[in-house]
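Engineer: Contents of upload-v4.csv (CSV, C-alpha atoms) are below:
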```csv
chain,number,residue,atom,x,y,z
A,1,MET,CA,50.8,12.1,-86.3
A,2,ALA,CA,49.0,15.1,-84.7
A,3,ALA,CA,49.9,17.2,-87.8
A,4,LEU,CA,47.7,15.2,-90.0
A,5,ASP,CA,45.0,17.4,-91.6
A,6,VAL,CA,43.0,14.3,-92.1
A,7,ALA,CA,43.3,11.2,-89.9
A,8,VAL,CA,45.0,8.2,-91.3
A,9,GLY,CA,43.4,5.0,-90.4
A,10,ALA,CA,44.9,3.2,-87.3
A,11,ARG,CA,45.5,0.0,-89.3
A,12,HIS,CA,47.9,1.9,-91.5
A,13,ARG,CA,49.9,3.6,-88.7
A,14,ARG,CA,51.9,0.6,-87.6
A,15,ALA,CA,52.9,-0.4,-91.1
A,16,MET,CA,53.9,3.1,-92.2
A,17,GLN,CA,57.6,2.6,-91.4
A,18,GLU,CA,58.0,-0.4,-93.7
A,19,ASP,CA,58.3,0.8,-97.3
A,20,SER,CA,56.9,3.0,-99.9
A,21,THR,CA,53.8,0.8,-100.6
A,22,ASP,CA,52.8,1.3,-96.9
A,23,PHE,CA,53.0,5.1,-97.2
A,24,MET,CA,51.1,4.9,-100.5
A,25,ALA,CA,48.4,2.8,-98.8
A,26,ALA,CA,48.0,5.7,-96.3
A,27,ALA,CA,47.7,8.1,-99.2
A,28,LEU,CA,45.1,5.8,-100.8
A,29,ALA,CA,43.1,5.7,-97.6
A,30,LEU,CA,43.0,9.5,-97.6
A,31,ALA,CA,42.0,9.4,-101.3
A,32,GLN,CA,39.1,7.2,-100.4
A,33,GLN,CA,38.0,9.7,-97.7
A,34,ALA,CA,38.1,12.4,-100.4
A,35,ALA,CA,35.8,10.3,-102.6
A,36,GLU,CA,33.4,9.8,-99.7
A,37,ALA,CA,33.3,13.6,-99.2
A,38,GLY,CA,32.5,14.2,-102.8
A,39,GLU,CA,36.0,15.4,-103.7
A,40,VAL,CA,38.2,14.2,-106.5
A,41,PRO,CA,39.9,11.2,-104.8
A,42,VAL,CA,43.5,12.3,-104.3
A,43,GLY,CA,45.4,11.7,-101.1
A,44,ALA,CA,48.9,12.7,-100.0
A,45,VAL,CA,51.2,12.0,-97.1
A,46,LEU,CA,54.5,13.7,-96.3
A,47,VAL,CA,57.2,11.5,-94.7
A,48,ARG,CA,60.2,12.5,-92.7
A,49,ASP,CA,62.6,10.0,-91.1
A,50,GLY,CA,60.3,7.1,-91.8
A,51,GLN,CA,57.3,8.8,-90.1
A,52,ILE,CA,54.2,10.4,-91.6
A,53,ILE,CA,54.3,14.0,-90.4
A,54,ALA,CA,51.4,15.4,-92.5
A,55,GLY,CA,48.6,14.1,-94.7
A,56,ALA,CA,45.6,15.4,-96.5
A,57,HIS,CA,43.1,14.7,-99.2
A,58,ASN,CA,41.6,17.1,-101.8
A,59,ARG,CA,39.3,19.7,-100.3
A,60,VAL,CA,38.7,22.0,-103.3
A,61,GLU,CA,34.9,21.8,-103.1
A,62,THR,CA,34.7,21.6,-99.3
A,63,ASP,CA,37.0,24.6,-98.8
A,64,ARG,CA,35.8,26.4,-101.9
A,65,ASP,CA,39.5,26.9,-102.7
A,66,PRO,CA,41.0,25.9,-106.1
A,67,THR,CA,44.4,25.5,-104.4
A,68,ALA,CA,43.2,23.0,-101.8
A,69,HIS,CA,44.9,20.0,-103.5
A,70,ALA,CA,46.1,17.1,-101.3
A,71,GLU,CA,49.7,17.9,-102.0
A,72,MET,CA,49.4,21.6,-101.2
A,73,LEU,CA,47.5,20.9,-97.9
A,74,ALA,CA,50.1,18.3,-96.8
A,75,ILE,CA,53.0,20.6,-97.6
A,76,ARG,CA,51.4,23.5,-95.7
A,77,ALA,CA,50.8,21.2,-92.6
A,78,ALA,CA,54.4,19.9,-92.7
A,79,SER,CA,55.8,23.4,-93.0
A,80,ARG,CA,53.8,24.6,-90.0
A,81,LEU,CA,54.9,21.5,-88.0
A,82,ILE,CA,58.6,21.8,-88.9
A,83,GLY,CA,58.6,25.6,-88.8
A,84,ASP,CA,60.3,26.0,-92.1
A,85,VAL,CA,59.4,26.5,-95.8
A,86,ARG,CA,62.1,24.1,-96.9
A,87,LEU,CA,61.2,20.5,-96.3
A,88,THR,CA,64.5,19.0,-97.2
A,89,GLY,CA,64.8,15.3,-96.3
A,90,CYS,CA,61.1,14.9,-96.7
A,91,ASP,CA,59.3,12.6,-99.2
A,92,LEU,CA,55.8,13.0,-100.6
A,93,TYR,CA,53.5,10.1,-101.5
A,94,VAL,CA,50.5,11.1,-103.6
A,95,THR,CA,47.9,9.0,-105.4
A,96,LEU,CA,47.9,11.0,-108.7
A,97,GLU,CA,50.7,12.6,-110.7
A,98,PRO,CA,50.9,16.2,-109.5
A,99,CYS,CA,49.5,19.1,-111.6
A,100,ALA,CA,51.7,22.1,-112.5
A,101,MET,CA,50.7,24.0,-109.3
A,102,CYS,CA,51.5,21.1,-107.0
A,103,ALA,CA,54.7,20.1,-108.9
A,104,GLN,CA,56.0,23.7,-108.5
A,105,ALA,CA,55.1,23.7,-104.8
A,106,ILE,CA,57.0,20.4,-104.4
A,107,SER,CA,60.0,22.0,-106.0
A,108,LEU,CA,59.8,25.2,-103.9
A,109,ALA,CA,59.5,23.1,-100.7
A,110,ARG,CA,62.7,21.3,-101.7
A,111,LEU,CA,61.2,17.9,-101.2
A,112,ARG,CA,63.7,15.1,-101.5
A,113,ARG,CA,61.5,12.5,-103.3
A,114,LEU,CA,58.1,12.4,-105.0
A,115,TYR,CA,56.3,9.1,-105.2
A,116,PHE,CA,53.0,9.0,-107.1
A,117,ALA,CA,50.5,6.3,-108.0
A,118,ALA,CA,48.5,7.0,-111.1
A,119,TYR,CA,49.8,8.8,-114.1
A,120,ASP,CA,47.8,11.8,-115.4
A,121,PRO,CA,48.2,12.4,-119.1
A,122,LYS,CA,45.7,15.3,-119.1
A,123,GLY,CA,46.6,17.3,-116.0
A,124,GLY,CA,50.0,15.9,-114.8
A,125,ALA,CA,53.0,18.1,-115.0
A,126,VAL,CA,55.8,15.7,-113.9
A,127,GLU,CA,55.8,12.9,-116.5
A,128,HIS,CA,53.3,14.6,-118.8
A,129,GLY,CA,52.5,18.2,-120.0
A,130,PRO,CA,55.2,20.6,-119.1
A,131,ARG,CA,57.4,18.0,-117.4
A,132,LEU,CA,58.3,20.7,-114.9
A,133,TYR,CA,61.4,19.1,-113.4
A,134,THR,CA,63.1,19.0,-116.7
A,135,GLN,CA,62.8,22.7,-117.3
A,136,PRO,CA,65.9,25.0,-117.0
A,137,THR,CA,63.8,27.3,-114.8
A,138,CYS,CA,63.2,24.6,-112.2
A,139,HIS,CA,65.5,25.3,-109.2
A,140,HIS,CA,65.0,22.0,-107.5
A,141,ALA,CA,63.9,18.6,-108.9
A,142,PRO,CA,63.0,15.8,-106.5
A,143,ASP,CA,63.8,12.2,-107.3
A,144,VAL,CA,60.6,11.0,-108.9
A,145,TYR,CA,59.0,7.5,-108.7
A,146,GLY,CA,55.7,7.0,-110.6
A,147,GLY,CA,53.3,4.1,-110.8
A,148,ILE,CA,53.5,2.9,-107.2
A,149,ALA,CA,50.1,1.3,-106.5
A,150,GLU,CA,48.9,2.6,-109.8
A,151,ALA,CA,46.1,0.2,-110.3
A,152,PRO,CA,44.1,0.9,-107.1
A,153,ALA,CA,44.6,4.6,-107.5
A,154,ALA,CA,43.5,4.6,-111.1
A,155,ALA,CA,40.5,2.4,-110.3
A,156,LEU,CA,39.4,4.8,-107.5
A,157,LEU,CA,39.6,7.8,-109.8
A,158,ARG,CA,37.8,6.0,-112.7
A,159,GLY,CA,35.0,4.8,-110.3
A,160,PHE,CA,34.6,8.3,-108.9
A,161,PHE,CA,34.2,9.9,-112.3
A,162,LEU,CA,32.0,7.2,-113.8
A,163,ALA,CA,29.6,7.7,-110.9
A,164,ARG,CA,29.3,11.4,-111.8
A,165,ARG,CA,28.4,10.8,-115.4
```
Could you express the structure from this file as structure tokens?
Structural biologist:
Amino acid sequence: MAALDVAVGARHRRAMQEDSTDFMAAALALAQQAAEAGEVPVGAVLVRDGQIIAGAHNRVETDRDPTAHAEMLAIRAASRLIGDVRLTGCDLYVTLEPCAMCAQAISLARLRRLYFAAYDPKGGAVEHGPRLYTQPTCHHAPDVYGGIAEAPAAALLRGFFLARR
């Protein structure tokens, strides 16, 4: 747990070893923290052997870094913790379908599985847009499971953007 870039609430820690909805709940808690910080509400946790080893939320505005997406930050933290660029045997839970940059990083990190909540028809690159993992140039495609806790993730995103208009 020390590798978490952003603390996951204590109420989620005990339940994290149950199933994918518990891990997605942790990612949603991080997404809520992002919204409270004025960031697009996306959260991600990286899981290995049933334990969260890294987690983050978007920090693009905070860090003034266009690559500071939740997925990228979680992958970086897990790579540092494990001491390897290949995160085989690890699963990523993220609250929004990854963009092209993040989808490629997931492939390069050799993540085993990708679980995401809300679909992103405009910016997603897994089930939408380039559908990166179906391309012949993709060297590794994780198993993909979309729509887990889709309603709360989509509601959080809609609320965030409605408040900005």
Engineer: Compare A:Ser107, A:Phe116, A:Gly147, A:Ala78 by their minimum atom-to-atom distance to Gln135 of chain A, counting only C-alpha atoms, and give me the closest one.
Structural biologist: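 When distances to Gln135 of chain A are compared using only C-alpha atoms, the smallest one comes from A:Ser107.
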Engineer: A:Ala70, A:Val144, A:Cys99, A:Ala125: which is nearest Ala34 of chain A, counting only C-alpha atoms?
Structural biologist: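 Among A:Ala70, A:Val144, A:Cys99, A:Ala125, it is A:Ala70 that comes nearest to Ala34 of chain A.
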Engineer: If we count only C-alpha atoms and set the cut-off at 8 Å, which residues sit around segment 86-98 of chain A, ignoring sequence neighbours fewer than 3 positions away in its own chain? Please answer as a VMD selection string.
Structural biologist: chain A and resid 23 to 24 27 to 28 31 42 to 49 70 to 71 78 to 79 82 101 to 103 108 to 120 123 to 127 146 150 153
Engineer: Compare A:Leu156, A:Leu81, A:Ala141, A:Ala163 by their minimum atom-to-atom distance to Gln32 of chain A, counting all atoms listed in the file, and give me the closest one.
Structural biologist: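 For Gln32 of chain A, the nearest of the candidates is A:Leu156.
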Engineer: Quick one, how far is atom CA of Met72 of chain A from atom CA of Asp84 of chain A?
Structural biologist: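 Computing the Euclidean distance for atom CA of Met72 of chain A and atom CA of Asp84 of chain A yields 14.9 Å.
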Engineer: With N, CA and C atoms as the goal, would you fill in the gaps in segment 26-44 of chain A and present it as a compact mmCIF listing (two decimals), in the coordinates of the input?
Structural biologist:
```
# COMPACT_ATOMS: atom_id res chain seq x y z
N ALA A 26 48.56 4.58 -97.12
CA ALA A 26 48.00 5.70 -96.30
C ALA A 26 47.44 6.76 -97.18
N ALA A 27 48.15 7.11 -98.25
CA ALA A 27 47.70 8.10 -99.20
C ALA A 27 46.38 7.64 -99.87
N LEU A 28 46.31 6.37 -100.21
CA LEU A 28 45.10 5.80 -100.80
C LEU A 28 43.91 5.85 -99.86
N ALA A 29 44.16 5.62 -98.58
CA ALA A 29 43.10 5.70 -97.60
C ALA A 29 42.55 7.14 -97.51
N LEU A 30 43.43 8.11 -97.62
CA LEU A 30 43.00 9.50 -97.60
C LEU A 30 42.23 9.82 -98.92
N ALA A 31 42.67 9.24 -100.04
CA ALA A 31 42.00 9.40 -101.30
C ALA A 31 40.54 8.89 -101.21
N GLN A 32 40.39 7.75 -100.55
CA GLN A 32 39.10 7.20 -100.40
C GLN A 32 38.18 8.10 -99.52
N GLN A 33 38.77 8.72 -98.50
CA GLN A 33 38.00 9.70 -97.70
C GLN A 33 37.59 10.88 -98.55
N ALA A 34 38.45 11.30 -99.48
CA ALA A 34 38.10 12.40 -100.40
C ALA A 34 36.88 12.01 -101.22
N ALA A 35 36.91 10.81 -101.78
CA ALA A 35 35.80 10.30 -102.60
C ALA A 35 34.50 10.34 -101.81
N GLU A 36 34.56 9.86 -100.59
CA GLU A 36 33.40 9.80 -99.70
C GLU A 36 32.85 11.20 -99.39
N ALA A 37 33.72 12.19 -99.43
CA ALA A 37 33.30 13.60 -99.20
C ALA A 37 32.91 14.31 -100.45
N GLY A 38 32.91 13.59 -101.58
CA GLY A 38 32.50 14.20 -102.80
C GLY A 38 33.64 14.97 -103.52
N GLU A 39 34.86 14.77 -103.07
CA GLU A 39 36.00 15.40 -103.70
C GLU A 39 36.71 14.48 -104.63
N VAL A 40 37.43 15.02 -105.60
CA VAL A 40 38.20 14.20 -106.50
C VAL A 40 39.17 13.37 -105.57
N PRO A 41 39.17 12.03 -105.73
CA PRO A 41 39.90 11.20 -104.80
C PRO A 41 41.41 11.19 -104.95
N VAL A 42 42.03 12.17 -104.35
CA VAL A 42 43.50 12.30 -104.30
C VAL A 42 43.88 12.43 -102.85
N GLY A 43 44.86 11.64 -102.43
CA GLY A 43 45.40 11.70 -101.10
C GLY A 43 46.90 11.85 -101.11
N ALA A 44 47.46 12.47 -100.08
CA ALA A 44 48.90 12.70 -100.00
C ALA A 44 49.37 12.57 -98.57
```
